[in-house]
>>> print(open('start04.txt').read())   # compact mmCIF, C-alpha atoms
# COMPACT_ATOMS: atom_id res chain seq x y z
CA ALA A 1 77.72 101.60 38.49
CA GLN A 2 77.72 104.31 41.15
CA ARG A 3 75.75 102.11 43.55
CA LYS A 4 78.16 99.26 42.85
CA LEU A 5 81.13 101.50 43.64
CA GLU A 6 79.55 102.52 46.93
CA SER A 7 79.31 98.85 47.91
CA LEU A 8 83.01 98.18 47.17
CA SER A 9 86.06 99.12 49.22
CA LEU A 10 89.48 100.21 48.00
CA THR A 11 92.09 97.50 48.57
CA LYS A 12 95.60 98.28 49.79
CA THR A 13 97.25 97.43 46.47
CA GLU A 14 94.98 99.12 43.93
CA GLY A 15 94.84 102.74 42.86
CA LYS A 16 91.74 104.84 42.29
CA ILE A 17 91.59 104.08 38.55
CA ALA A 18 91.71 100.35 39.20
CA PHE A 19 89.07 100.71 41.91
CA VAL A 20 86.68 102.65 39.66
CA SER A 21 87.32 100.21 36.81
CA ARG A 22 86.51 97.28 39.05
CA GLY A 23 83.25 98.92 40.10
CA ILE A 24 82.22 99.61 36.50
CA ILE A 25 82.98 96.04 35.42
CA GLU A 26 81.10 94.58 38.37
CA ALA A 27 78.06 96.68 37.49
CA ILE A 28 77.85 95.77 33.79
CA LYS A 29 79.59 92.40 33.48
CA ASN A 30 76.33 90.49 32.94
CA ASP A 31 75.11 92.73 30.13
CA PRO A 32 76.18 91.34 26.69
CA LYS A 33 75.63 94.75 25.12
CA MET A 34 78.34 96.25 27.32
CA THR A 35 81.18 93.95 26.21
CA LYS A 36 83.07 96.71 24.42
CA THR A 37 82.69 98.99 27.43
CA ILE A 38 84.20 96.30 29.63
CA ILE A 39 87.06 95.82 27.16
CA LEU A 40 87.65 99.57 27.11
CA THR A 41 87.63 99.65 30.92
CA TYR A 42 90.17 96.84 31.09
CA PHE A 43 92.34 98.69 28.58
CA LYS A 44 92.17 101.96 30.53
CA SER A 45 93.16 100.17 33.73
CA ASP A 46 96.05 98.38 31.95
CA HIS A 47 94.52 94.90 32.23
CA LEU A 48 95.08 93.59 28.71
CA LYS A 49 95.26 90.00 29.91
CA ALA A 50 91.81 90.27 31.49
CA ALA A 51 90.45 91.83 28.29
CA LEU A 52 91.84 88.95 26.22
CA LYS A 53 90.40 86.43 28.67
CA LEU A 54 86.97 88.01 28.27
CA ILE A 55 87.27 88.00 24.47
CA LYS A 56 88.42 84.40 24.48
CA SER A 57 85.26 83.43 26.36
CA LEU A 58 83.32 84.66 23.32
CA GLN A 59 85.21 82.32 21.01
CA SER A 60 82.55 79.64 21.37
CA ASP A 61 79.86 82.14 20.35
CA PRO A 62 79.39 81.77 16.57
CA SER A 63 76.85 84.58 16.34
CA ILE A 64 77.43 87.20 13.69
CA ARG A 65 77.28 90.88 14.55
CA GLN A 66 75.47 92.40 11.56
CA GLU A 67 75.64 95.95 12.92
CA SER A 68 79.37 96.14 13.38
CA ARG A 69 80.67 99.64 13.95
CA ALA A 70 84.02 101.20 13.22
CA PRO A 71 86.23 101.18 16.33
CA HIS A 72 86.92 104.90 15.99
CA LYS A 73 85.80 107.85 13.96
CA GLY A 74 87.16 107.87 10.40
CA ALA A 75 87.89 104.16 10.24
CA PRO A 76 86.27 102.14 7.43
CA ALA A 77 83.23 100.11 8.44
CA PRO A 78 84.40 96.54 9.20
CA GLU A 79 82.92 93.46 7.64
CA ALA A 80 80.52 91.31 9.64
CA ARG A 81 82.44 89.23 12.17
CA SER A 82 81.80 86.87 15.06
CA SER A 83 81.65 88.41 18.51
CA PHE A 84 85.14 87.04 19.16
CA ASP A 85 86.68 88.61 16.05
CA GLU A 86 84.86 91.89 16.40
CA ASN A 87 85.82 92.42 20.04
CA LEU A 88 89.40 91.29 19.48
CA ASN A 89 89.70 93.69 16.58
CA TYR A 90 88.31 96.46 18.79
CA LEU A 91 90.98 95.79 21.43
CA CYS A 92 93.64 95.76 18.70
CA TRP A 93 92.60 99.28 17.71
CA LEU A 94 92.86 100.45 21.31
CA ALA A 95 96.13 98.86 22.43
CA ASN A 96 99.74 99.16 21.35
CA ALA A 97 100.26 96.41 18.78
CA ASP A 98 103.50 94.99 20.19
CA ASN A 99 102.31 95.07 23.81
CA LEU A 100 99.04 93.34 22.93
CA TYR A 101 100.79 90.69 20.84
CA ASN A 102 103.18 89.94 23.72
CA VAL A 103 100.32 89.59 26.19
CA ALA A 104 98.39 87.41 23.73
CA MET A 105 101.39 85.12 23.26
CA LEU A 106 101.66 84.68 27.02
CA THR A 107 98.10 83.32 27.09
CA PHE A 108 99.62 80.43 25.04
CA ASP A 109 96.71 80.62 22.60
CA LEU A 110 98.49 80.63 19.24
CA ASP A 111 95.26 81.10 17.27
CA MET A 112 94.31 84.20 19.21
CA SER A 113 97.82 85.65 19.09
CA ALA A 114 97.91 85.03 15.32
CA LYS A 115 94.66 86.98 14.95
CA VAL A 116 96.11 89.80 17.06
CA ALA A 117 99.09 89.87 14.70
CA LYS A 118 96.74 89.90 11.71
CA PHE A 119 94.43 92.63 13.08
CA THR A 120 97.42 94.82 14.01
CA GLN A 121 98.86 94.27 10.50
CA LYS A 122 102.06 92.58 11.57
CA ASP A 123 104.21 91.22 8.77
CA PRO A 124 103.42 87.47 8.53
CA ARG A 125 107.12 86.78 8.09
CA ASP A 126 107.65 88.10 11.62
CA PHE A 127 105.36 85.63 13.37
CA LEU A 128 104.15 82.77 11.15
CA PRO A 129 107.44 80.78 11.08
CA TYR A 130 107.73 81.20 14.85
CA HIS A 131 104.15 80.04 15.37
CA GLU A 132 104.70 77.03 13.14
CA SER A 133 107.79 76.00 15.07
CA LEU A 134 105.85 76.29 18.32
CA ARG A 135 103.03 74.11 17.03
CA GLN A 136 105.52 71.26 16.52
CA LEU A 137 106.38 71.15 20.21
CA PRO A 138 104.57 69.24 23.00
CA GLU A 139 102.35 71.46 25.14
CA VAL A 140 104.66 71.90 28.13
CA GLU A 141 107.73 72.58 25.99
CA ARG A 142 105.71 75.02 23.87
CA LYS A 143 104.53 77.01 26.88
CA LEU A 144 107.99 76.93 28.39
CA LYS A 145 109.62 78.26 25.22
CA ILE A 146 107.07 81.07 24.94
CA ALA A 147 107.55 82.09 28.57
CA LEU A 148 111.33 82.19 28.21
CA ASP A 149 111.31 83.81 24.77
CA PHE A 150 109.11 86.59 26.14
CA LYS A 151 111.35 87.00 29.20
CA LYS A 152 108.92 85.66 31.79
CA PRO A 153 111.01 83.11 33.72
CA GLU A 154 108.62 83.26 36.70
CA LYS A 155 105.83 82.09 34.41
CA ALA A 156 108.09 79.31 33.16
CA ILE A 157 108.59 78.15 36.77
CA LYS A 158 104.83 78.14 37.29
CA ILE A 159 104.31 76.00 34.16
CA LEU A 160 106.97 73.49 35.20
CA SER A 161 105.64 73.24 38.75
CA GLN A 162 102.30 72.11 37.31
CA SER A 163 103.85 69.59 34.92
CA GLY A 164 105.18 66.88 37.22
CA PRO A 165 108.54 65.88 38.76
CA ASN A 166 110.18 65.17 35.39
CA TYR A 167 110.73 68.90 34.92
CA LEU A 168 112.39 69.53 38.28
CA GLU A 169 115.92 69.80 36.87
CA LYS A 170 114.73 72.33 34.31
CA THR A 171 113.10 74.32 37.10
CA ILE A 172 116.39 74.44 39.01
CA GLU A 173 118.28 75.40 35.85
CA ILE A 174 115.92 78.34 35.17
CA ALA A 175 115.88 79.40 38.83
CA ARG A 176 119.69 79.41 38.89
CA GLU A 177 120.08 81.23 35.56
CA HIS A 178 117.56 83.96 36.41
CA ASN A 179 118.20 84.02 40.17
CA ILE A 180 114.55 83.35 41.02
CA PHE A 181 114.83 80.51 43.51
CA PRO A 182 112.29 82.19 45.85
CA GLU A 183 109.70 81.87 43.07
CA ALA A 184 110.54 78.19 42.68
CA LEU A 185 110.21 77.68 46.44
CA ARG A 186 106.80 79.36 46.36
CA ARG A 187 105.53 77.31 43.44
CA TYR A 188 106.70 73.98 44.87
CA LYS A 189 105.66 74.60 48.48
CA ASP A 190 103.04 71.83 48.31
CA GLN A 191 105.41 69.28 46.73
CA PRO A 192 107.72 68.31 49.61
CA ASP A 193 110.05 65.97 47.72
CA GLN A 194 110.72 68.44 44.94
CA LEU A 195 110.87 71.31 47.43
CA GLU A 196 113.67 69.61 49.35
CA THR A 197 115.73 69.27 46.17
CA ILE A 198 115.13 72.92 45.25
CA ARG A 199 116.14 74.11 48.74
CA ARG A 200 119.36 72.12 48.49
CA ALA A 201 120.09 73.62 45.08
CA TYR A 202 119.29 77.11 46.41
CA GLY A 203 121.77 76.69 49.24
CA GLU A 204 124.50 75.64 46.81
CA HIS A 205 123.63 78.56 44.54
CA LEU A 206 123.84 81.07 47.41
CA PHE A 207 127.14 79.53 48.51
CA SER A 208 128.58 79.82 44.99
CA GLU A 209 127.45 83.47 44.94
CA LYS A 210 129.28 84.00 48.27
CA LYS A 211 126.00 84.87 50.00
CA PHE A 212 127.04 82.78 52.95
CA LYS A 213 124.67 84.13 55.59
CA GLN A 214 121.60 83.38 53.44
CA ALA A 215 123.05 80.02 52.40
CA ILE A 216 123.64 78.62 55.89
CA PRO A 217 120.02 77.58 56.73
CA PHE A 218 119.67 75.74 53.40
CA LEU A 219 123.08 74.08 53.71
CA VAL A 220 122.28 72.97 57.26
CA GLU A 221 119.07 71.38 56.00
CA SER A 222 120.97 69.44 53.36
CA GLY A 223 123.61 68.42 55.91
CA ASP A 224 126.57 69.67 53.89
CA VAL A 225 129.01 69.93 56.80
CA GLU A 226 132.01 71.21 54.84
CA LYS A 227 130.13 74.09 53.23
CA VAL A 228 128.32 74.98 56.45
CA LEU A 229 131.60 75.28 58.36
CA ARG A 230 133.17 77.36 55.59
CA ALA A 231 130.12 79.64 55.50
CA CYS A 232 130.18 80.00 59.30
CA GLU A 233 133.83 81.04 59.19
CA SER A 234 133.10 83.57 56.44
CA VAL A 235 130.25 85.29 58.32
CA LEU A 236 131.74 84.73 61.82
CA ASP A 237 128.70 82.80 63.04
CA TRP A 238 129.85 79.69 64.91
CA GLU A 239 126.53 78.40 66.28
CA PRO A 240 124.99 76.81 63.12
CA GLY A 241 128.20 74.86 62.47
CA PHE A 242 128.45 73.80 66.11
CA ARG A 243 124.83 72.60 66.18
CA LEU A 244 125.25 70.69 62.91
CA LEU A 245 128.37 68.92 64.15
CA GLN A 246 126.50 67.96 67.31
CA ALA A 247 123.50 66.72 65.31
CA LYS A 248 125.79 64.65 63.06
CA ASN A 249 127.66 63.36 66.14
CA LEU A 250 130.96 64.51 64.62
CA LYS A 251 132.57 65.06 68.01
CA GLU A 252 136.13 64.97 66.70
CA GLN A 253 135.47 68.01 64.46
CA ILE A 254 133.98 70.19 67.18
CA PRO A 255 137.18 71.23 69.08
CA PRO A 256 139.18 72.36 66.01
CA PHE A 257 136.17 74.20 64.63
CA LEU A 258 135.50 76.05 67.89
CA GLU A 259 139.20 76.84 68.31
CA LYS A 260 139.31 78.35 64.85
CA MET A 261 136.14 80.37 65.47
CA LYS A 262 137.54 81.58 68.79
CA GLY A 263 140.66 82.86 67.04
CA LEU A 264 138.54 84.69 64.46
CA MET A 265 136.44 86.29 67.21
CA ILE A 266 139.51 87.43 69.11
CA LYS A 267 140.80 89.11 65.94
CA ILE A 268 137.67 91.24 65.70
CA ARG A 269 137.49 91.68 69.50
CA ALA A 270 134.12 89.95 69.79
CA TYR A 271 134.89 88.85 73.34
CA LYS A 272 131.32 88.02 74.28
CA GLU A 273 131.30 85.47 71.49
CA VAL A 274 134.65 84.19 72.76
CA VAL A 275 133.04 83.55 76.16
CA GLU A 276 130.15 81.66 74.54
CA ILE A 277 132.55 79.57 72.46
CA LEU A 278 134.58 78.72 75.57
CA LYS A 279 131.42 77.63 77.37
CA ALA A 280 130.35 75.52 74.37
CA SER A 281 133.76 73.83 74.31
CA ASN A 282 133.58 73.14 78.08
CA ALA A 283 136.67 75.26 78.72
CA GLY A 284 138.10 75.17 82.24
CA PRO A 285 137.87 78.08 84.72
CA VAL A 286 141.50 79.06 84.16
CA GLU A 287 140.65 79.96 80.55
CA LEU A 288 137.13 81.16 81.22
CA VAL A 289 137.72 83.57 84.13
CA PRO A 290 139.93 86.08 82.22
CA ALA A 291 137.48 85.97 79.32
CA LEU A 292 134.60 86.75 81.70
CA LEU A 293 136.56 89.64 83.21
CA ARG A 294 137.10 91.09 79.74
CA VAL A 295 133.32 91.26 79.14
CA ASN A 296 132.57 92.53 82.66
CA GLN A 297 130.80 89.38 83.84
CA PHE A 298 132.36 89.74 87.30
CA GLY A 299 129.75 87.81 89.26
CA GLU A 300 130.20 84.69 87.16
CA ALA A 301 133.98 85.12 87.28
CA LYS A 302 133.84 85.33 91.11
CA ASN A 303 131.79 82.12 91.28
CA LEU A 304 134.36 80.29 89.14
CA LEU A 305 137.33 81.39 91.29
CA ALA A 306 136.72 78.53 93.68
CA PHE A 307 137.53 76.07 90.88
CA VAL A 308 140.76 77.78 89.86
CA PRO A 309 144.01 76.23 91.17
CA PRO A 310 145.60 78.35 93.96
CA ALA A 311 148.54 79.55 91.85
CA GLU A 312 146.32 81.01 89.14
CA ARG A 313 143.72 82.16 91.67
CA ARG A 314 146.22 84.55 93.27
CA VAL A 315 146.64 86.20 89.86
CA PHE A 316 142.92 86.65 89.19
CA GLU A 317 141.54 87.17 92.69
CA PRO A 318 142.42 90.85 93.29
CA GLU A 319 140.97 91.95 89.96
CA VAL A 320 137.87 89.78 90.36
CA GLU A 321 137.16 91.00 93.90
CA ALA A 322 137.69 94.67 93.03
CA SER A 323 135.57 94.41 89.90
CA TRP A 324 132.84 92.52 91.76
CA LYS A 325 132.68 95.21 94.48
CA ILE A 326 132.26 97.91 91.82
CA GLU A 327 129.55 95.94 90.04
CA LYS A 328 127.77 95.15 93.32
CA SER A 329 127.82 98.82 94.26
CA GLU A 330 126.24 99.72 90.93
CA ILE A 331 123.59 97.02 91.43
CA ASP A 332 122.83 98.36 94.91
CA ASN A 333 122.48 101.91 93.57
CA ARG A 334 120.08 100.74 90.86
CA THR A 335 118.08 98.77 93.44
CA VAL A 336 117.73 101.86 95.65
CA LYS A 337 116.64 103.96 92.70
CA LEU A 338 114.09 101.39 91.56
CA ARG A 339 112.69 101.11 95.10
CA ARG A 340 112.38 104.89 95.33
CA ASN A 341 110.62 105.07 91.96
CA ALA A 342 108.25 102.29 93.03
CA GLU A 343 107.35 104.18 96.20
CA ARG A 344 106.82 107.37 94.23
CA LEU A 345 104.61 105.58 91.71
CA LYS A 346 102.53 104.10 94.53
CA ALA A 347 102.08 107.54 96.06
CA VAL A 348 101.07 109.03 92.70
CA GLN A 349 98.54 106.25 92.07
CA LEU A 350 97.04 106.77 95.53
CA ARG A 351 96.82 110.54 95.01
CA LYS A 352 95.24 109.99 91.58
CA GLU A 353 92.55 107.79 93.12
CA GLN A 354 91.76 110.54 95.61
CA ASP A 355 91.86 113.43 93.14
CA LYS A 356 91.06 112.78 89.46
CA ASP A 357 92.31 116.27 88.49
CA PHE A 358 95.71 115.62 90.04
CA ALA A 359 98.69 116.03 87.67
CA TYR A 360 102.09 114.58 88.51
CA VAL A 361 105.24 116.62 87.88
CA ASP A 362 108.58 114.87 87.52
CA LEU A 363 110.34 116.74 90.29
CA ASP A 364 113.76 115.30 89.48
CA ALA A 365 113.61 117.47 86.36
CA SER A 366 111.83 120.35 88.13
CA PRO A 367 113.35 123.36 89.93
CA LEU A 368 111.05 122.57 92.87
CA ALA A 369 112.35 120.63 95.81
CA PRO A 370 112.45 116.86 95.21
CA GLY A 371 109.76 114.72 96.79
CA VAL A 372 106.93 117.28 96.35
CA LEU A 373 103.76 116.33 94.55
CA SER A 374 101.65 118.97 92.81
>>> encode(input="start04.txt", output="structure tokens")
Amino acid sequence: AQRKLESLSLTKTEGKIAFVSRGIIEAIKNDPKMTKTIILTYFKSDHLKAALKLIKSLQSDPSIRQESRAPHKGAPAPEARSSFDENLNYLCWLANADNLYNVAMLTFDLDMSAKVAKFTQKDPRDFLPYHESLRQLPEVERKLKIALDFKKPEKAIKILSQSGPNYLEKTIEIAREHNIFPEALRRYKDQPDQLETIRRAYGEHLFSEKKFKQAIPFLVESGDVEKVLRACESVLDWEPGFRLLQAKNLKEQIPPFLEKMKGLMIKIRAYKEVVEILKASNAGPVELVPALLRVNQFGEAKNLLAFVPPAERRVFEPEVEASWKIEKSEIDNRTVKLRRNAERLKAVQLRKEQDKDFAYVDLDASPLAPGVLS
């Protein structure tokens, strides 16, 4: 077992106990005499499902263990049992009765779960009627009921995804009730027709929950224009609605939608978005120039002045020219600074090539005179 551990590596998601348990199981898994040790190891690492799976694999082994031992000191010696019964009984002595029964039920093996109930001395009135009712159901409905009764809706989604398109509506119902649409999307990722229906239902669910930002991509996919526009207004995001209206060629709806979004943006002083909305709506320069001035896009405003009628141009021109001169001056100052830094970097690189022990000091932050290299 130690050599086996040395050959394994700890994964990102497992702790040290799980790692050691995995090493032990790998080392002894092919030895029939070590079955109980493997079961104990699974129990210690909280892998009851794996322990039950191992025990179930012994169900086809009819051999009788004549030298059965008590599972713990002080317990009466058990009667001779098959390997399956003996090892299941051993696990029942180790584990919490209710936890083990729940895990056994979620294997959907009613015979094994009934034996777990028997070996843990559950009252037959607590499980036999339930088991009998389950046996009357078709396989898919039986598994589905067990998964939901034992509060495992994700498992129910998995079962339905493997049972054909007839169960799609039930999948959506469970996903909506338990808010587990992402699990449904994951399980149906390789079934494009069903996946499309689930994505549409997910978008409607998110919309009904007022989770508009998350809902928009799904609603856009389904082409629900009304809900997309309402969601865009709620989260102040005009672009998805605009793109959808363009894709649907609903040209008559674009101007009122953009006008409404522009008003909402002005209310929250999102003037950069106002500029983008004006551009998307092909607004004229008379409307666009003051918006550009508000967001300090003076260069673009200056370029548009030529297209502004003379009367309005006289209003905007002084502000545009003054603002443009200030911005140009700032650009020139940045250009000079960048050029100076480039020259300094070139000098430092040259000095470094000549002297590998050379260390550069940022003289702008140094008390020494600027322009000196050390």
>>> atom_distance(input="start04.txt", atom1="CA of Ile277 (chain A)", atom2="CA of Met261 (chain A)")
7.9 Å
>>> atom_distance(input="start04.txt", atom1="CA of Val308 (chain A)", atom2="CA of Asp332 (chain A)")
27.8 Å
>>> residues_near_point(input="start04.txt", point="(103.8, 92.3, 15.8)", cutoff="6 Å", atoms="only C-alpha atoms", output="PyMOL selection string")
chain A and resi 98+117+122
>>> write_last_selection(input="start04.txt", atoms="C-alpha atoms", output="mmCIF file, in the frame of the given file")
data_model
loop_
_atom_site.group_PDB
_atom_site.id
_atom_site.type_symbol
_atom_site.label_atom_id
_atom_site.label_comp_id
_atom_site.auth_asym_id
_atom_site.auth_seq_id
_atom_site.Cartn_x
_atom_site.Cartn_y
_atom_site.Cartn_z
ATOM 1 C CA ASP A 98 103.500 94.990 20.190
ATOM 2 C CA ALA A 117 99.090 89.870 14.700
ATOM 3 C CA LYS A 122 102.060 92.580 11.570
#
>>> closest_residue(input="start04.txt", among="A:Val274, A:Ala97, A:Thr41, A:Ile268", to="Glu26 (chain A)", atoms="only C-alpha atoms")
A:Thr41
>>> residues_around(input="start04.txt", residues="Arg200 (chain A)", least_positions_apart="5", cutoff="10 Å", atoms="only C-alpha atoms", output="list in words")
Leu195, His205, Ala215, Pro217, Phe218, Leu219, Val220, Glu221, Ser222, Gly223 and Asp224 of chain A
